[in-house]
Amino acid sequence: MASDAVVLVVALAIANLSRFGRHTGELHVEEHSADYWTVTAVTAALWWVLLTAWGTREQRVLGQGSEEYKRVASATAWLFGVIAVVSYVLRIDTSRGYVGIAFPAGLFLLLVSRWLWRQWLVRARTAGRFTSRVMLLGGPGAVLHLHTSLTGQPGSGYQPVAAYLPGYSATSPDGEELPLPVVGTSRSVDEILTALADCDADALAISTGAALSPRAIRRLGWELSDRQIGLIMAPALTDVAGPRIHTQPIAGLPLIHVSTPRLSGINASMKRTLDLVLASAALLLLLPVFVLTAAAVKADSRGPVFFAQERVGRDGKRFRMFKFRSMVTDAEARLAGLERRAGAGNDVLFKLKDDPRITRVGGFIRRYSLDELPQLLNVLRGEMSLVGPRPPLPREVEKYEAHVHRRLLVLPGITGLWQVSGRSNLSWDDTVRLDLYYVENWSVAQDLLIMLKTVRAVVASRGAY
């Protein structure tokens with residue numbers, strides 16, 4: 001709240017000084033007038049109130065996904081939209097220069113401030129601070145999955161502390177116990193409430209497999225509300241982004257609708273237009289980099305500058321993907337002898353950290369993904385996209401399980417979630433999970449966000465080999 005107030009005052013002061021300098025202007029409303037420092041104070045107060053009204057500081061959105069940023073942008077847009085409408089209707093000669101500076105400056109500084117707070121909050125939560133203690137209730141498999149998901153993202157702020165398995169045994173018959181203590185198995189609401197008090201939980205997360213009647217869950221919700229303990233419903237929906245989920249109350253039932261991802265029509269046209277514009281601009285801007293990289297590859301080792309390899313694209317269509325050559329010319333012939341050196345989990349996707357086939361220059365250009373730049377030509381030819389799943393080799397596709405073929409529903413990409421989430425350090429299962437998440441939840445906004453994150457991943461050069 002304090003940092004928002006400071007940011008707004010600074011942004012509006014910048015707008016005032018930039019537009020009027022030391023001699024402030026005046027805003028006239030019929031026979032009344034006010035100097036722009038007064039306008040600045042009133043606008044800052046209204047802006048701050050709107051940020052509160054839009055719920056930008058709610059605990060459930062702070063540090064979580066893009067919802068916080070969307071709310072900040074929405075509140076800001078509404079404020080200046082109202083200013084524009086009121087100025088037009090009442091014929092108030094509001095300074096366009098003042099508004100034109102205040103709007104973008106304020107929004108930019110607000111988002112930067114929230115981003116900095118988010119980095120601090122995630123680090124604090126990872127260290128165990130500002131977290132909610134959660135008791136997980138449901139079947140053993142659902143509880144284990146929820147526990148793995150929450151502990152895998154400590155920055156989310158949820159710390160599982162106990163499991164409650166209504167209708168199940170407290171111990172596993174096969175000896176594979178849950179990684180957190182089981183504090184009860186009774187279906188009694190009173191027993192559940194006692195267990196919550198005993199483990200000092202701040203919230204109860206109910207997952208699938210909970211053998212409780214709707215009446216029991218309703219009473220449990222009332223009791224938790226009286227005790228100021230949060231209630232979290234965790235349905236068996238995995239890897240589904242928020243915009244695809246819609247709640248529709250029918251006869252007192254909160255029905256959850258999951259929309260089908262649209263991979264064609266206007267969305268496909270928007271994605272293709274974005275690819276063409278950005279790929280063309282990148283080719284022009286990076287032309288000097290192309291020349292320098294090509295010269296380095298040629299001077300470092302014998303062989304062609306470019307390497308073309310057959311890959312599998314959308315709907316299983318094969319194409320030749322271009323790269324700067326980063327390996328010796330007989331790399332393919334030496335592959336069979338190296339496959340057994342690959343670590344566990346590489347049965348489908350071959351990866352070797354210290355691959356002896358990589359040349360000296362090749363190691364450098366792979367570390368910073370310069371070898372991928374010629375794929376911009378594949379984008380212009382319509383064989384690839386800027387963002388998408390990793391383009392697989394034909395021999396990899398032959399080993400795919402049935403569900404993995406969904407990766408081929410969209411064009412493969414130069415970058416993607418796999419690129420910004422660990423690159424070659426990812427296991428095969430993690431790569432598939434990220435690619436399928438992208439296919440199921442594609443959007444233009446997500447593509448732009450991945451591109452921005454790619455720059456950071458490439459500069460850091462983590463997981464590149």
# chains A, B, ... in the order shown; residues from 1 in each chain; ligands from 1
>>> residues_around(residues="Leu136 (chain A)", least_positions_apart="4", cutoff="8 Å", atoms="only C-alpha atoms", output="PDB file with C-alpha atoms, in the first residue's frame")
ATOM      1  CA  VAL A 143      -2.924 -36.060  -1.701  1.00  0.00           C
ATOM      2  CA  LEU A 146      -1.119 -32.167  -4.498  1.00  0.00           C
ATOM      3  CA  HIS A 147       1.786 -32.403  -2.053  1.00  0.00           C
ATOM      4  CA  PRO A 160       1.668 -28.907   3.298  1.00  0.00           C
ATOM      5  CA  VAL A 161       1.980 -30.000   6.933  1.00  0.00           C
ATOM      6  CA  ALA A 162      -0.293 -33.048   7.232  1.00  0.00           C
ATOM      7  CA  ALA A 163      -2.551 -35.432   5.334  1.00  0.00           C
ATOM      8  CA  TYR A 164      -6.082 -36.506   6.212  1.00  0.00           C
ATOM      9  CA  LEU A 204      -7.665 -27.095   4.355  1.00  0.00           C
ATOM     10  CA  ALA A 205      -7.175 -28.311   0.777  1.00  0.00           C
ATOM     11  CA  ILE A 206      -9.773 -30.859  -0.338  1.00  0.00           C
ATOM     12  CA  SER A 207      -8.688 -32.941  -3.321  1.00  0.00           C
TER      13      SER A 207
END
>>> residues_around(residues="Arg314 (chain A)", least_positions_apart="5", cutoff="7 Å", atoms="only C-alpha atoms", output="list of chain:residue names")
A:Leu408, A:Leu409, A:Val410, A:Leu411, A:Pro412
>>> atom_distance(atom1="CA of Gln446 (chain A)", atom2="CA of Ser66 (chain A)")
10.1 Å
>>> closest_residue(among="A:Phe290, A:Tyr438, A:Trp47, A:Trp418", to="Gln375 (chain A)", atoms="only C-alpha atoms")
A:Phe290
>>> closest_residue(among="A:Arg406, A:Gly128, A:Val277, A:Ser326", to="Arg366 (chain A)", atoms="only C-alpha atoms")
A:Ser326
>>> residues_around(residues="Gln119 (chain A)", least_positions_apart="4", cutoff="10 Å", atoms="only C-alpha atoms", output="tab-separated table (two decimals) with N, CA and C atoms, in the first residue's frame")
chain	number	residue	atom	x	y	z
A	63	GLY	N	1.98	-12.30	-5.87
A	63	GLY	CA	3.01	-13.30	-6.17
A	63	GLY	C	2.50	-14.48	-6.95
A	114	ARG	N	5.57	-3.78	-8.44
A	114	ARG	CA	4.94	-5.06	-8.09
A	114	ARG	C	5.87	-6.22	-8.43
A	115	TRP	N	6.60	-6.10	-9.53
A	115	TRP	CA	7.54	-7.17	-9.91
A	115	TRP	C	8.65	-7.29	-8.87
A	123	ARG	N	11.26	-15.14	-2.81
A	123	ARG	CA	12.46	-15.55	-2.07
A	123	ARG	C	12.14	-15.80	-0.59
A	124	ALA	N	11.30	-14.94	-0.02
A	124	ALA	CA	10.93	-15.11	1.38
A	124	ALA	C	10.12	-16.40	1.59
A	155	GLY	N	7.40	-20.94	-3.86
A	155	GLY	CA	7.05	-19.53	-3.99
A	155	GLY	C	5.56	-19.28	-4.00
>>> residues_around(residues="Ala41 (chain A)", least_positions_apart="3", cutoff="10 Å", atoms="only C-alpha atoms", output="PyMOL selection string")
chain A and resi 8-9+12-13+36-38+44-47
>>> atom_distance(atom1="CA of Arg311 (chain A)", atom2="CA of Lys323 (chain A)")
12.0 Å
>>> select_by_dssp(residues="region 81-173 of chain A", states="strand (DSSP E or B)", output="PDB file with C-alpha atoms, in the first residue's frame")
ATOM      1  CA  SER A 132       0.132 -20.824   4.764  1.00  0.00           C
ATOM      2  CA  ARG A 133       0.172 -24.152   6.595  1.00  0.00           C
ATOM      3  CA  VAL A 134      -2.139 -26.477   4.669  1.00  0.00           C
ATOM      4  CA  MET A 135      -3.658 -29.818   5.624  1.00  0.00           C
ATOM      5  CA  LEU A 136      -4.377 -31.970   2.557  1.00  0.00           C
ATOM      6  CA  LEU A 137      -7.590 -34.026   2.555  1.00  0.00           C
ATOM      7  CA  TYR A 158       1.502 -23.067   0.578  1.00  0.00           C
ATOM      8  CA  GLN A 159       3.275 -25.437   2.966  1.00  0.00           C
ATOM      9  CA  PRO A 160       1.668 -28.907   3.298  1.00  0.00           C
ATOM     10  CA  VAL A 161       1.980 -30.000   6.933  1.00  0.00           C
ATOM     11  CA  ALA A 162      -0.293 -33.048   7.232  1.00  0.00           C
ATOM     12  CA  ALA A 163      -2.551 -35.432   5.334  1.00  0.00           C
ATOM     13  CA  TYR A 164      -6.082 -36.506   6.212  1.00  0.00           C
TER      14      TYR A 164
END
>>> atom_distance(atom1="CA of Arg325 (chain A)", atom2="CA of Lys453 (chain A)")
25.2 Å
>>> residues_around(residues="Ala75 (chain A)", least_positions_apart="2", cutoff="10 Å", atoms="only C-alpha atoms", output="PyMOL selection string")
chain A and resi 47-56+70-73+77-81+107
>>> select_by_dssp(residues="region 39-173 of chain A", states="alpha helix (DSSP H)", output="PyMOL selection string")
chain A and resi 39-53+67-89+96-126+140-152
>>> closest_residue(among="A:Met321, A:Ala296, A:Val289, A:Val459", to="Arg367 (chain A)", atoms="only C-alpha atoms")
A:Val459
>>> residues_around(residues="Leu110 (chain A)", least_positions_apart="2", cutoff="10 Å", atoms="only C-alpha atoms", output="ChimeraX atom specification")
/A:3-8,11,69,72-73,76,104-108,112-116
>>> write_last_selection(atoms="C-alpha atoms", output="compact mmCIF listing (two decimals), in the first residue's frame")
# COMPACT_ATOMS: atom_id res chain seq x y z
CA SER A 3 4.90 1.62 -2.19
CA ASP A 4 1.85 2.07 -4.45
CA ALA A 5 1.28 5.52 -2.97
CA VAL A 6 4.93 6.51 -3.47
CA VAL A 7 4.96 5.22 -7.05
CA LEU A 8 1.78 7.10 -7.97
CA ALA A 11 4.71 9.19 -11.66
CA TYR A 69 -0.52 -7.41 -13.19
CA VAL A 72 -3.18 -3.24 -11.87
CA ALA A 73 -3.47 -2.54 -15.61
CA THR A 76 -5.24 2.10 -14.33
CA PRO A 104 2.25 5.13 -19.22
CA ALA A 105 4.67 6.35 -16.54
CA GLY A 106 2.37 5.37 -13.69
CA LEU A 107 1.50 1.97 -15.17
CA PHE A 108 5.13 1.19 -15.89
CA VAL A 112 8.02 -2.60 -11.91
CA SER A 113 7.25 -2.03 -8.23
CA ARG A 114 4.94 -5.06 -8.09
CA TRP A 115 7.54 -7.17 -9.91
CA LEU A 116 10.22 -6.21 -7.39
>>> closest_residue(among="A:Leu370, A:Met384, A:Leu121, A:Ile245", to="Leu276 (chain A)", atoms="only C-alpha atoms")
A:Met384
>>> decode(residues="region 160-174 of chain A", atoms="N, CA and C atoms", output="tab-separated table (two decimals), in the first residue's frame")
chain	number	residue	atom	x	y	z
A	160	PRO	N	2.41	-27.75	2.79
A	160	PRO	CA	1.67	-28.91	3.30
A	160	PRO	C	2.29	-29.41	4.60
A	161	VAL	N	1.45	-29.58	5.62
A	161	VAL	CA	1.98	-30.00	6.93
A	161	VAL	C	1.42	-31.35	7.38
A	162	ALA	N	0.30	-31.78	6.81
A	162	ALA	CA	-0.29	-33.05	7.23
A	162	ALA	C	-1.27	-33.53	6.17
A	163	ALA	N	-1.57	-34.83	6.24
A	163	ALA	CA	-2.55	-35.43	5.33
A	163	ALA	C	-3.70	-36.01	6.14
A	164	TYR	N	-4.91	-35.91	5.58
A	164	TYR	CA	-6.08	-36.51	6.21
A	164	TYR	C	-6.77	-37.34	5.14
A	165	LEU	N	-6.94	-38.65	5.41
A	165	LEU	CA	-7.45	-39.59	4.41
A	165	LEU	C	-8.77	-40.18	4.87
A	166	PRO	N	-9.89	-39.48	4.70
A	166	PRO	CA	-11.19	-39.99	5.18
A	166	PRO	C	-11.59	-41.27	4.44
A	167	GLY	N	-11.85	-42.31	5.20
A	167	GLY	CA	-12.28	-43.57	4.61
A	167	GLY	C	-11.15	-44.47	4.16
A	168	TYR	N	-9.90	-44.06	4.38
A	168	TYR	CA	-8.75	-44.86	3.96
A	168	TYR	C	-7.97	-45.31	5.20
A	169	SER	N	-6.95	-46.12	4.95
A	169	SER	CA	-6.08	-46.56	6.03
A	169	SER	C	-4.99	-45.53	6.27
A	170	ALA	N	-4.57	-45.43	7.53
A	170	ALA	CA	-3.52	-44.46	7.88
A	170	ALA	C	-2.16	-44.89	7.36
A	171	THR	N	-2.01	-46.18	7.07
A	171	THR	CA	-0.75	-46.69	6.53
A	171	THR	C	-1.01	-47.36	5.20
A	172	SER	N	-0.01	-47.34	4.33
A	172	SER	CA	-0.15	-47.92	3.00
A	172	SER	C	0.08	-49.43	3.04
A	173	PRO	N	-0.79	-50.22	2.40
A	173	PRO	CA	-0.60	-51.68	2.41
A	173	PRO	C	0.64	-52.13	1.66
A	174	ASP	N	1.12	-51.33	0.70
A	174	ASP	CA	2.30	-51.73	-0.06
A	174	ASP	C	3.58	-51.12	0.51
